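Participant: Before anything else, here's the structure in question.
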Amino acid sequence: MIGCLGGLGRSISKWMVKRGARKFVFVGRTGTDRKPAHQLVEDLEAEGADITVIRGDVGVLADVQRAVAAIKGPIGGVIQAAMGLNEALWTTMSVDYWHTGIDPKLIGSWNLYNALEGRTDDLDFFLMTSSVSGSVGTATEGNYCAANYFLDIFARFLRSKGLPGISIGLGMISEVGYLHENPEIEALLLRKGIQAINEDELLQIIDITICNKDSTPYDTMASCHVLTGLEPLGLKNLQKAGFSGTNPTLNDPRASVLAAVLDSDSDRDLKNGSGMPAELAAALENGNEELSILEAIVQLIVKRFSNLVLQQVDKIDPAKALSTFGMDSMLAAEFRTWFYQAFKVDVPFLTLLSQETTLHSLGGLVHAVVTESQN
Ligand SMILES: NC(=O)c1ccc[n+]([C@@H]2O[C@H](COP(=O)([O-])OP(=O)(O)OC[C@H]3O[C@@H](n4cnc5c(N)ncnc54)[C@H](OP(=O)(O)O)[C@@H]3O)[C@@H](O)[C@H]2O)c1
């Protein structure tokens with residue numbers, strides 16, 4: 001149980017005991033130093049489970065070998081839930097930050113595979129907790145995304161070696177885990193319209209994933225990667241509530257079936273054949289005065305921003321600084337991508353994070369570029 005003294009792992013361990021598991025070896029760098037980890041061990045022991053805690057780093061082969069050696073008897077399953085986070089834009093990410101994200105998942109999983117050699121005859125599952133971000137990307141988490149994508153592919157590698165590798169790309173989990181223990185990030189993601197998976201759903205996903213042996217004739221290894229968290233129905237409900245709710249993943253051809261579930265009208269009004277926002281193109285075609293072109297631009301920006309921060313359009317004052325709406329690097333990265341897609345204008349990241357920037361000033365910036373390109 002690697003990293004399973006952390007939030008999700010504690011929940012998964014308790015569920016495993018309910019399902020009859022009785023012998024656990026946990027690996028984590030801080031062992032039972034943290035109160036919830038200590039409490040978990042007490043709770044599991046009270047349920048009759050036999051617990052060994054190895055203080056160690058999954059990225060260090062000797063630590064993993066020590067953990068495997070501590071297991072007496074057959075090994076029924078492995079859960080690899082270690083993670084390290086350090087956010088930065090790719091262009092400014094230090095080597096240290098890169099390794100914080102990569103090592104626990106990439107080096108750690110290789111170490112597990114190597115240390116388990118000769119001990120895998122009874123293995124029912126080798127489950128790795130990946131993230132949906134490994135498939136769809138997150139602006140400031142290139143290291144974490146790459147590490148999770150590695151797990152998704154490593155599951156296939158394990159299958160090719162006859163081992164029951166599974167990678168679950170989890171979406172945002174509420175009620176337990178890292179995000180829940182960092183409420184400001186949880187609040188930010190909820191505000192962005194990301195639909196959370198609760199603890200009960202998480203356990204159902206794990207249960208189904210471990211039990212599912214289905215494969216398709218097209219891809220016999222398809223079942224070793226389960227992707228969750230895109231939640232198109234949740235998005236649909238947001239749309240019904242008046243937000244045009246954008247999930248960039250649904251523009252990806254791989255998500256075309258999911259996207260078809262959604263009413264695509266909401267995005268249709270944003271673009272016309274030229275790739276320029278339709279309302280803006282109309283304003284330009286009609287040869288309106290400069291002021292109304294600027295207004296059209298600001299209106300579009302306000303509309304998009306309202307979806308980004310999940311506030312009604314009429315509650316957004318375009319003259320107020322973006323920082324008063326809680327603009328941060330994640331929102332800024334997403335907003336910046338939209339500016340480029342909608343207007344082909346590259347708004348500097350620092351401009352979006354500046355205390356002085358307003359939706360009005362952004363409108364002016366876009367207006368200057370768009371009108372110049374028209375001339
Ligand atoms: N929570 C979510 O919403 C969410 C969403 C998608 C995916 N996931 C995935 O689910 C897993 C668990 O997440 P969580 O929310 O439970 O996070 P968490 O509470 O931070 O737990 C992660 C655990 O990993 C351990 N760990 C980190 N580096 C390690 C290393 N090098 N060697 C051994 N243990 C290490 C940490 O313990 P020490 O510090 O003591 O080592 C910690 O207990 C992660 O793989 C994450 O990517 C979570």
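Note on naming: chains are A, B, ... as they come in the structure tokens, residues start from 1 per chain, ligands start from 1 in the order shown.
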What residues have any atom no more than 6 Å from ligand 1 when counting only C-alpha atoms and all ligand atoms, and can you list them as a PyMOL selection string?
Facilitator: chain A and resi 2-9+27-31+57-59+81-84+104+129-131+170-173+177-179
Participant: Within 6 Å of segment 61-75 of chain A, counting only C-alpha atoms, which residues qualify if same-chain residues fewer than 5 places away don't, as a PDB file with N, CA, C and O atoms, in the first residue's frame?
Facilitator:
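Below is the file that was written, result.pdb:
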ATOM      1  N   GLY A  56       9.561   4.737   4.259  1.00  0.00           N
ATOM      2  CA  GLY A  56      10.449   4.670   3.104  1.00  0.00           C
ATOM      3  C   GLY A  56       9.912   5.445   1.920  1.00  0.00           C
ATOM      4  O   GLY A  56       8.759   5.883   1.905  1.00  0.00           O
ATOM      5  N   ASN A 111      10.331   0.671  -9.567  1.00  0.00           N
ATOM      6  CA  ASN A 111      10.910   0.002  -8.404  1.00  0.00           C
ATOM      7  C   ASN A 111       9.994  -1.110  -7.900  1.00  0.00           C
ATOM      8  O   ASN A 111      10.457  -2.201  -7.543  1.00  0.00           O
ATOM      9  N   ALA A 115      11.082  -4.893  -7.692  1.00  0.00           N
ATOM     10  CA  ALA A 115      11.188  -5.516  -6.358  1.00  0.00           C
ATOM     11  C   ALA A 115      10.227  -6.691  -6.204  1.00  0.00           C
ATOM     12  O   ALA A 115      10.451  -7.580  -5.386  1.00  0.00           O
ATOM     13  N   ASP A 122       0.393 -14.693  -7.019  1.00  0.00           N
ATOM     14  CA  ASP A 122      -0.961 -14.573  -6.448  1.00  0.00           C
ATOM     15  C   ASP A 122      -1.544 -13.173  -6.606  1.00  0.00           C
ATOM     16  O   ASP A 122      -2.556 -12.850  -5.980  1.00  0.00           O
ATOM     17  N   LEU A 123      -0.896 -12.384  -7.409  1.00  0.00           N
ATOM     18  CA  LEU A 123      -1.324 -10.981  -7.521  1.00  0.00           C
ATOM     19  C   LEU A 123      -2.674 -10.868  -8.252  1.00  0.00           C
ATOM     20  O   LEU A 123      -2.803 -11.315  -9.385  1.00  0.00           O
TER      21      LEU A 123
END
Participant: Looking at A:Val366, A:Leu112, A:Thr52, A:Asn143, which one is nearest to Tyr97 of chain A, with distances taken over only C-alpha atoms?
Facilitator: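 Nearest to Tyr97 of chain A: A:Asn143.
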Participant: Where does DSSP see strand (DSSP E or B) in segment 88-333 of chain A, if you list the residues as a PyMOL selection string?
Facilitator: chain A and resi 88+125-131+141+165-170+173+197+216+219+225-227+321
Participant: Smallest atom-to-atom distance to Met1 of chain A: which of A:Leu322, A:Phe24, A:Gly118, A:His38, using only C-alpha atoms?
Facilitator: A:Phe24
Participant: What is the distance between atom CA of Thr220 of chain A and atom CA of Ser133 of chain A, in Å to one decimal?
Facilitator: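 Interatomic distance, atom CA of Thr220 of chain A to atom CA of Ser133 of chain A: 23.7 Å.
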Participant: For segment 196-207 of chain A, work out the shell of residues within 9 Å, counting only C-alpha atoms and skipping chain neighbours fewer than 5 positions away, then give it as a PDB file with N, CA and C atoms, in the first residue's frame.
Facilitator:
ATOM      1  N   LEU A   8      -6.741   9.404   0.096  1.00  0.00           N
ATOM      2  CA  LEU A   8      -7.506   8.393  -0.623  1.00  0.00           C
ATOM      3  C   LEU A   8      -7.149   7.001  -0.136  1.00  0.00           C
ATOM      4  N   SER A  11      -9.003   5.835   2.863  1.00  0.00           N
ATOM      5  CA  SER A  11     -10.364   5.436   2.540  1.00  0.00           C
ATOM      6  C   SER A  11     -10.370   4.049   1.862  1.00  0.00           C
ATOM      7  N   ILE A  12      -9.445   3.853   0.937  1.00  0.00           N
ATOM      8  CA  ILE A  12      -9.379   2.577   0.205  1.00  0.00           C
ATOM      9  C   ILE A  12      -9.038   1.433   1.181  1.00  0.00           C
ATOM     10  N   TRP A  15     -12.013   0.377   3.193  1.00  0.00           N
ATOM     11  CA  TRP A  15     -12.936  -0.367   2.332  1.00  0.00           C
ATOM     12  C   TRP A  15     -12.403  -1.800   2.115  1.00  0.00           C
ATOM     13  N   LEU A 127      -2.700  -1.903  -8.826  1.00  0.00           N
ATOM     14  CA  LEU A 127      -3.530  -0.740  -9.167  1.00  0.00           C
ATOM     15  C   LEU A 127      -2.779   0.565  -8.910  1.00  0.00           C
ATOM     16  N   ILE A 168      -6.070   3.974 -12.863  1.00  0.00           N
ATOM     17  CA  ILE A 168      -7.361   4.684 -12.863  1.00  0.00           C
ATOM     18  C   ILE A 168      -7.083   6.176 -12.928  1.00  0.00           C
ATOM     19  N   LEU A 170      -8.227   9.262 -12.127  1.00  0.00           N
ATOM     20  CA  LEU A 170      -9.288   9.808 -11.275  1.00  0.00           C
ATOM     21  C   LEU A 170      -9.520  11.282 -11.578  1.00  0.00           C
ATOM     22  N   GLY A 171     -10.775  11.677 -11.519  1.00  0.00           N
ATOM     23  CA  GLY A 171     -11.093  13.100 -11.572  1.00  0.00           C
ATOM     24  C   GLY A 171     -10.948  13.668 -10.177  1.00  0.00           C
ATOM     25  N   MET A 172     -11.439  14.864  -9.996  1.00  0.00           N
ATOM     26  CA  MET A 172     -11.349  15.493  -8.675  1.00  0.00           C
ATOM     27  C   MET A 172     -12.186  14.703  -7.659  1.00  0.00           C
ATOM     28  N   ILE A 173     -11.556  14.375  -6.527  1.00  0.00           N
ATOM     29  CA  ILE A 173     -12.277  13.638  -5.482  1.00  0.00           C
ATOM     30  C   ILE A 173     -12.656  14.616  -4.360  1.00  0.00           C
ATOM     31  N   SER A 174     -13.915  14.593  -3.982  1.00  0.00           N
ATOM     32  CA  SER A 174     -14.333  15.413  -2.826  1.00  0.00           C
ATOM     33  C   SER A 174     -14.427  14.503  -1.605  1.00  0.00           C
ATOM     34  N   GLU A 175     -14.601  15.056  -0.456  1.00  0.00           N
ATOM     35  CA  GLU A 175     -14.807  14.367   0.836  1.00  0.00           C
ATOM     36  C   GLU A 175     -13.547  13.735   1.433  1.00  0.00           C
ATOM     37  N   VAL A 176     -12.632  13.238   0.598  1.00  0.00           N
ATOM     38  CA  VAL A 176     -11.375  12.679   1.112  1.00  0.00           C
ATOM     39  C   VAL A 176     -10.241  13.061   0.163  1.00  0.00           C
ATOM     40  N   LEU A 189     -11.495  24.529  -7.968  1.00  0.00           N
ATOM     41  CA  LEU A 189     -11.884  23.572  -9.009  1.00  0.00           C
ATOM     42  C   LEU A 189     -13.407  23.481  -9.102  1.00  0.00           C
ATOM     43  N   LEU A 190     -14.075  23.520  -7.946  1.00  0.00           N
ATOM     44  CA  LEU A 190     -15.535  23.469  -7.973  1.00  0.00           C
ATOM     45  C   LEU A 190     -16.080  24.695  -8.686  1.00  0.00           C
ATOM     46  N   ASN A 212     -13.345  -5.737 -13.179  1.00  0.00           N
ATOM     47  CA  ASN A 212     -13.631  -5.756 -14.618  1.00  0.00           C
ATOM     48  C   ASN A 212     -12.503  -6.417 -15.410  1.00  0.00           C
ATOM     49  N   VAL A 226      -8.717   3.125 -16.865  1.00  0.00           N
ATOM     50  CA  VAL A 226     -10.080   3.617 -16.697  1.00  0.00           C
ATOM     51  C   VAL A 226      -9.992   5.116 -16.449  1.00  0.00           C
ATOM     52  N   THR A 228     -11.883   8.646 -15.518  1.00  0.00           N
ATOM     53  CA  THR A 228     -13.085   9.185 -14.868  1.00  0.00           C
ATOM     54  C   THR A 228     -12.971  10.709 -14.818  1.00  0.00           C
ATOM     55  N   GLY A 229     -14.034  11.361 -14.389  1.00  0.00           N
ATOM     56  CA  GLY A 229     -13.940  12.785 -14.064  1.00  0.00           C
ATOM     57  C   GLY A 229     -14.323  13.733 -15.181  1.00  0.00           C
ATOM     58  N   GLU A 231     -17.346  13.767 -16.695  1.00  0.00           N
ATOM     59  CA  GLU A 231     -18.690  14.110 -16.193  1.00  0.00           C
ATOM     60  C   GLU A 231     -19.507  15.011 -17.113  1.00  0.00           C
TER      61      GLU A 231
END
Participant: Between atom CA of Leu350 of chain A and atom CA of Phe335 of chain A, what is the distance in Å, rounded to a tenth?
Facilitator: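 We find that atom CA of Leu350 of chain A and atom CA of Phe335 of chain A lie 12.1 Å from each other.
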Participant: Which distance in Å separates atom CA of Arg19 of chain A and atom CA of Ser167 of chain A, to one decimal?
Facilitator: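 Atom-to-atom, atom CA of Arg19 of chain A to atom CA of Ser167 of chain A, that is 20.7 Å.
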Participant: For Gly77 of chain A, which of A:Ile210, A:Trp110, A:Thr91, A:Lys161 is the closest residue, counting only C-alpha atoms?
Facilitator: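 That would be A:Ile210, the residue with the smallest distance to Gly77 of chain A.
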Participant: Between A:Leu294, A:Lys18, A:Asp328, A:Ile316, which has the minimum distance to Ser361 of chain A (counting only C-alpha atoms)?
Facilitator: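 Closest to Ser361 of chain A, using only C-alpha atoms: A:Leu294.
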Participant: Would you kindly return, as number ranges by chain, each protein, DNA or RNA residue with an atom no farther than 10 Å from any atom of Ile301 of chain A, considering only C-alpha atoms and excluding same-chain residues fewer than 4 positions away?
Facilitator: A: 295-297, 305-306, 318, 335, 338-339, 342, 359-360, 362-363, 366
Participant: If you run DSSP over the backbone, which residues in segment 49-215 of chain A end up alpha helix (DSSP H)? Put them as a ChimeraX atom specification.
Facilitator: /A:61-69,95-115,133-136,142-160,178-181,183-191,199-211
